[in-house]
$ cat start.csv   # CSV, N, CA and C atoms
chain,number,residue,atom,x,y,z
A,16,MET,N,119.9,170.9,109.2
A,16,MET,CA,119.5,169.9,110.2
A,16,MET,C,120.6,168.9,110.4
A,17,SER,N,121.2,168.8,111.6
A,17,SER,CA,122.3,167.8,111.8
A,17,SER,C,121.9,166.7,112.6
A,18,ARG,N,122.5,165.5,112.4
A,18,ARG,CA,122.2,164.3,113.2
A,18,ARG,C,123.5,164.1,114.1
A,19,PRO,N,123.3,163.6,115.3
A,19,PRO,CA,124.5,163.3,116.1
A,19,PRO,C,125.3,162.2,115.4
A,20,ARG,N,126.6,162.3,115.6
A,20,ARG,CA,127.5,161.4,114.9
A,20,ARG,C,127.3,159.9,115.3
A,21,LEU,N,126.9,159.7,116.5
A,21,LEU,CA,126.7,158.3,117.0
A,21,LEU,C,125.5,157.7,116.2
A,22,PHE,N,124.4,158.4,116.0
A,22,PHE,CA,123.3,157.9,115.2
A,22,PHE,C,123.7,157.6,113.8
A,23,VAL,N,124.5,158.5,113.2
A,23,VAL,CA,124.9,158.3,111.8
A,23,VAL,C,125.8,157.0,111.7
A,24,ALA,N,126.7,156.9,112.7
A,24,ALA,CA,127.5,155.7,112.7
A,24,ALA,C,126.7,154.4,112.9
A,25,VAL,N,125.7,154.4,113.8
A,25,VAL,CA,124.9,153.3,114.0
A,25,VAL,C,124.0,153.0,112.8
A,26,ALA,N,123.5,154.0,112.2
A,26,ALA,CA,122.6,153.8,111.0
A,26,ALA,C,123.5,153.2,109.8
A,27,ALA,N,124.7,153.7,109.7
A,27,ALA,CA,125.6,153.2,108.6
A,27,ALA,C,125.9,151.7,108.9
A,28,LEU,N,126.2,151.4,110.1
A,28,LEU,CA,126.5,150.0,110.5
A,28,LEU,C,125.3,149.1,110.3
A,29,ALA,N,124.1,149.6,110.6
A,29,ALA,CA,122.9,148.8,110.4
A,29,ALA,C,122.6,148.6,109.0
A,30,ALA,N,122.8,149.6,108.1
A,30,ALA,CA,122.6,149.4,106.7
A,30,ALA,C,123.6,148.4,106.1
A,31,LEU,N,124.9,148.5,106.6
A,31,LEU,CA,125.8,147.5,106.1
A,31,LEU,C,125.5,146.1,106.6
A,32,TYR,N,124.9,145.9,107.8
A,32,TYR,CA,124.5,144.6,108.3
A,32,TYR,C,123.4,144.1,107.4
A,33,VAL,N,122.4,144.9,107.1
A,33,VAL,CA,121.2,144.5,106.3
A,33,VAL,C,121.6,144.0,104.9
A,34,VAL,N,122.5,144.7,104.3
A,34,VAL,CA,122.9,144.3,102.9
A,34,VAL,C,124.0,143.3,102.9
A,35,SER,N,124.7,143.1,104.0
A,35,SER,CA,125.8,142.1,104.0
A,35,SER,C,125.3,140.7,103.9
A,36,PRO,N,126.1,139.9,103.2
A,36,PRO,CA,125.8,138.5,103.1
A,36,PRO,C,126.1,137.7,104.4
A,37,ILE,N,126.8,138.3,105.3
A,37,ILE,CA,127.1,137.7,106.6
A,37,ILE,C,126.1,138.1,107.6
A,38,ASP,N,125.3,137.2,108.1
A,38,ASP,CA,124.2,137.5,109.1
A,38,ASP,C,124.3,136.6,110.3
A,39,ALA,N,123.5,137.0,111.3
A,39,ALA,CA,123.4,136.0,112.4
A,39,ALA,C,122.6,134.8,112.0
A,40,ILE,N,121.5,135.1,111.2
A,40,ILE,CA,120.7,134.0,110.6
A,40,ILE,C,120.8,134.2,109.1
A,41,PRO,N,121.4,133.2,108.4
A,41,PRO,CA,121.5,133.4,107.0
A,41,PRO,C,120.2,133.6,106.2
A,42,ASP,N,120.3,134.5,105.2
A,42,ASP,CA,119.1,134.8,104.4
A,42,ASP,C,118.6,133.7,103.6
A,43,VAL,N,119.3,132.6,103.4
A,43,VAL,CA,118.9,131.5,102.6
A,43,VAL,C,117.8,130.7,103.4
A,44,VAL,N,117.7,130.9,104.7
A,44,VAL,CA,116.6,130.2,105.4
A,44,VAL,C,115.4,131.0,105.1
A,45,PRO,N,114.4,130.3,104.5
A,45,PRO,CA,113.2,131.0,104.0
A,45,PRO,C,112.4,131.7,105.2
A,46,GLY,N,112.2,133.0,105.0
A,46,GLY,CA,111.4,133.8,105.9
A,46,GLY,C,112.2,134.2,107.2
A,47,VAL,N,112.7,133.2,107.9
A,47,VAL,CA,113.4,133.4,109.1
A,47,VAL,C,114.7,134.2,108.9
A,48,GLY,N,115.4,134.0,107.8
A,48,GLY,CA,116.6,134.7,107.5
A,48,GLY,C,116.5,136.2,107.5
A,49,TRP,N,115.3,136.7,107.1
A,49,TRP,CA,115.1,138.1,107.0
A,49,TRP,C,114.7,138.8,108.3
A,50,VAL,N,114.4,137.9,109.3
A,50,VAL,CA,113.9,138.5,110.6
A,50,VAL,C,115.0,139.3,111.3
A,51,ASP,N,116.2,138.8,111.3
A,51,ASP,CA,117.3,139.6,112.0
A,51,ASP,C,117.5,140.9,111.3
A,52,ASP,N,117.5,140.9,110.0
A,52,ASP,CA,117.6,142.1,109.2
A,52,ASP,C,116.5,143.1,109.5
A,53,GLY,N,115.3,142.6,109.6
A,53,GLY,CA,114.2,143.5,110.0
A,53,GLY,C,114.3,144.0,111.4
A,54,LEU,N,114.7,143.2,112.3
A,54,LEU,CA,114.9,143.7,113.7
A,54,LEU,C,116.0,144.8,113.8
A,55,VAL,N,117.1,144.6,113.1
A,55,VAL,CA,118.1,145.6,113.1
A,55,VAL,C,117.6,146.9,112.5
A,56,ALA,N,116.9,146.8,111.4
A,56,ALA,CA,116.4,148.0,110.7
A,56,ALA,C,115.3,148.7,111.6
A,57,ALA,N,114.5,147.9,112.3
A,57,ALA,CA,113.5,148.5,113.2
A,57,ALA,C,114.1,149.1,114.4
A,58,ALA,N,115.1,148.5,115.0
A,58,ALA,CA,115.8,149.0,116.1
A,58,ALA,C,116.5,150.4,115.8
A,59,THR,N,117.1,150.4,114.6
A,59,THR,CA,117.7,151.6,114.1
A,59,THR,C,116.7,152.8,113.9
A,60,PHE,N,115.6,152.4,113.4
A,60,PHE,CA,114.5,153.4,113.2
A,60,PHE,C,114.0,153.9,114.5
A,61,LEU,N,113.8,153.0,115.5
A,61,LEU,CA,113.4,153.5,116.8
A,61,LEU,C,114.4,154.3,117.5
A,62,LEU,N,115.7,153.9,117.4
A,62,LEU,CA,116.7,154.7,118.0
A,62,LEU,C,116.7,156.1,117.4
A,63,GLY,N,116.5,156.3,116.1
A,63,GLY,CA,116.5,157.6,115.5
A,63,GLY,C,115.3,158.4,116.0
A,64,ALA,N,114.1,157.7,116.1
A,64,ALA,CA,112.9,158.4,116.5
A,64,ALA,C,113.0,158.8,118.0
A,65,LEU,N,113.6,158.0,118.9
A,65,LEU,CA,113.7,158.4,120.3
A,65,LEU,C,114.7,159.5,120.4
A,66,GLY,N,115.8,159.4,119.6
A,66,GLY,CA,116.8,160.5,119.7
A,66,GLY,C,116.2,161.8,119.3
A,67,LYS,N,115.4,161.8,118.2
A,67,LYS,CA,114.7,163.0,117.8
A,67,LYS,C,113.8,163.6,118.8
A,68,ARG,N,113.0,162.7,119.5
A,68,ARG,CA,112.1,163.1,120.5
A,68,ARG,C,112.9,163.7,121.7
A,69,ARG,N,114.0,163.1,122.1
A,69,ARG,CA,114.8,163.6,123.2
A,69,ARG,C,115.4,165.0,122.9
A,70,ARG,N,115.9,165.2,121.6
A,70,ARG,CA,116.4,166.5,121.2
A,70,ARG,C,115.3,167.5,121.2
A,71,ALA,N,114.1,167.2,120.8
A,71,ALA,CA,113.0,168.2,120.8
A,71,ALA,C,112.6,168.6,122.2
A,72,ALA,N,112.6,167.6,123.1
A,72,ALA,CA,112.3,167.9,124.5
A,72,ALA,C,113.4,168.8,125.1
A,73,ARG,N,114.6,168.5,124.8
A,73,ARG,CA,115.7,169.4,125.3
A,73,ARG,C,115.6,170.8,124.8
A,74,ARG,N,115.3,170.9,123.5
A,74,ARG,CA,115.1,172.3,122.9
A,74,ARG,C,114.0,173.0,123.6
A,75,SER,N,112.9,172.3,123.8
A,75,SER,CA,111.7,173.0,124.4
A,75,SER,C,112.0,173.4,125.9
A,76,GLN,N,112.8,172.6,126.6
A,76,GLN,CA,113.1,173.0,128.0
A,76,GLN,C,114.1,174.2,128.0
A,77,SER,N,115.1,174.2,127.1
A,77,SER,CA,116.0,175.3,127.1
A,77,SER,C,115.4,176.6,126.6
A,78,ALA,N,114.4,176.5,125.8
A,78,ALA,CA,113.7,177.7,125.3
A,78,ALA,C,112.8,178.3,126.3
A,79,ALA,N,112.3,177.5,127.2
A,79,ALA,CA,111.4,177.9,128.2
A,79,ALA,C,112.0,178.7,129.4
$ encode --input "start.csv" --output "structure tokens"
Amino acid sequence: MSRPRLFVAVAALAALYVVSPIDAIPDVVPGVGWVDDGLVAAATFLLGALGKRRRAARRSQSAA
């Protein structure tokens, strides 16, 4: 099972952003600092899910 290179690159960059001490909103701000990390993680997850759905739709169209 292979993933497109673009998604792998985006997921790697998102993971680096989440664990990086340099953020748009610093993590030292209680509660709010984690919001940007959560949004990046959620957006990456949604990007992967939408990509998987599009690939499945393309496969079903080409098989028909």
$ select_by_dssp --input "start.csv" --residues "chain A" --states "alpha helix (DSSP H)" --output "ChimeraX atom specification"
/A:20-34,50-78
$ atom_distance --input "start.csv" --atom1 "atom C of Phe60 (chain A)" --atom2 "CA of Ala27 (chain A)"
13.0 Å
$ residues_around --input "start.csv" --residues "Asp52 (chain A)" --least-positions-apart "6" --cutoff "8 Å" --atoms "only N, CA and C atoms" --output "mmCIF file with N, CA and C atoms, in the frame of the given file"
data_model
loop_
_atom_site.group_PDB
_atom_site.id
_atom_site.type_symbol
_atom_site.label_atom_id
_atom_site.label_comp_id
_atom_site.auth_asym_id
_atom_site.auth_seq_id
_atom_site.Cartn_x
_atom_site.Cartn_y
_atom_site.Cartn_z
ATOM 1 N N TYR A 32 124.900 145.900 107.800
ATOM 2 C CA TYR A 32 124.500 144.600 108.300
ATOM 3 C C TYR A 32 123.400 144.100 107.400
ATOM 4 N N VAL A 33 122.400 144.900 107.100
ATOM 5 C CA VAL A 33 121.200 144.500 106.300
ATOM 6 C C VAL A 33 121.600 144.000 104.900
ATOM 7 N N VAL A 34 122.500 144.700 104.300
ATOM 8 C CA VAL A 34 122.900 144.300 102.900
ATOM 9 C C VAL A 34 124.000 143.300 102.900
ATOM 10 N N ASP A 38 125.300 137.200 108.100
ATOM 11 C CA ASP A 38 124.200 137.500 109.100
ATOM 12 C C ASP A 38 124.300 136.600 110.300
ATOM 13 N N ALA A 39 123.500 137.000 111.300
ATOM 14 C CA ALA A 39 123.400 136.000 112.400
ATOM 15 C C ALA A 39 122.600 134.800 112.000
ATOM 16 N N ILE A 40 121.500 135.100 111.200
ATOM 17 C CA ILE A 40 120.700 134.000 110.600
ATOM 18 C C ILE A 40 120.800 134.200 109.100
ATOM 19 N N ALA A 58 115.100 148.500 115.000
ATOM 20 C CA ALA A 58 115.800 149.000 116.100
ATOM 21 C C ALA A 58 116.500 150.400 115.800
#
$ atom_distance --input "start.csv" --atom1 "CA of Arg70 (chain A)" --atom2 "CA of Phe22 (chain A)"
12.6 Å
$ atom_distance --input "start.csv" --atom1 "atom N of Leu21 (chain A)" --atom2 "atom C of Val47 (chain A)"
29.3 Å
$ residues_around --input "start.csv" --residues "Ala30 (chain A)" --least-positions-apart "6" --cutoff "8 Å" --atoms "all atoms listed in the file" --output "PDB file with N, CA and C atoms, in the frame of the given file"
ATOM      1  N   ALA A  24     126.700 156.900 112.700  1.00  0.00           N
ATOM      2  CA  ALA A  24     127.500 155.700 112.700  1.00  0.00           C
ATOM      3  C   ALA A  24     126.700 154.400 112.900  1.00  0.00           C
ATOM      4  N   VAL A  55     117.100 144.600 113.100  1.00  0.00           N
ATOM      5  CA  VAL A  55     118.100 145.600 113.100  1.00  0.00           C
ATOM      6  C   VAL A  55     117.600 146.900 112.500  1.00  0.00           C
ATOM      7  N   ALA A  56     116.900 146.800 111.400  1.00  0.00           N
ATOM      8  CA  ALA A  56     116.400 148.000 110.700  1.00  0.00           C
ATOM      9  C   ALA A  56     115.300 148.700 111.600  1.00  0.00           C
TER      10      ALA A  56
END
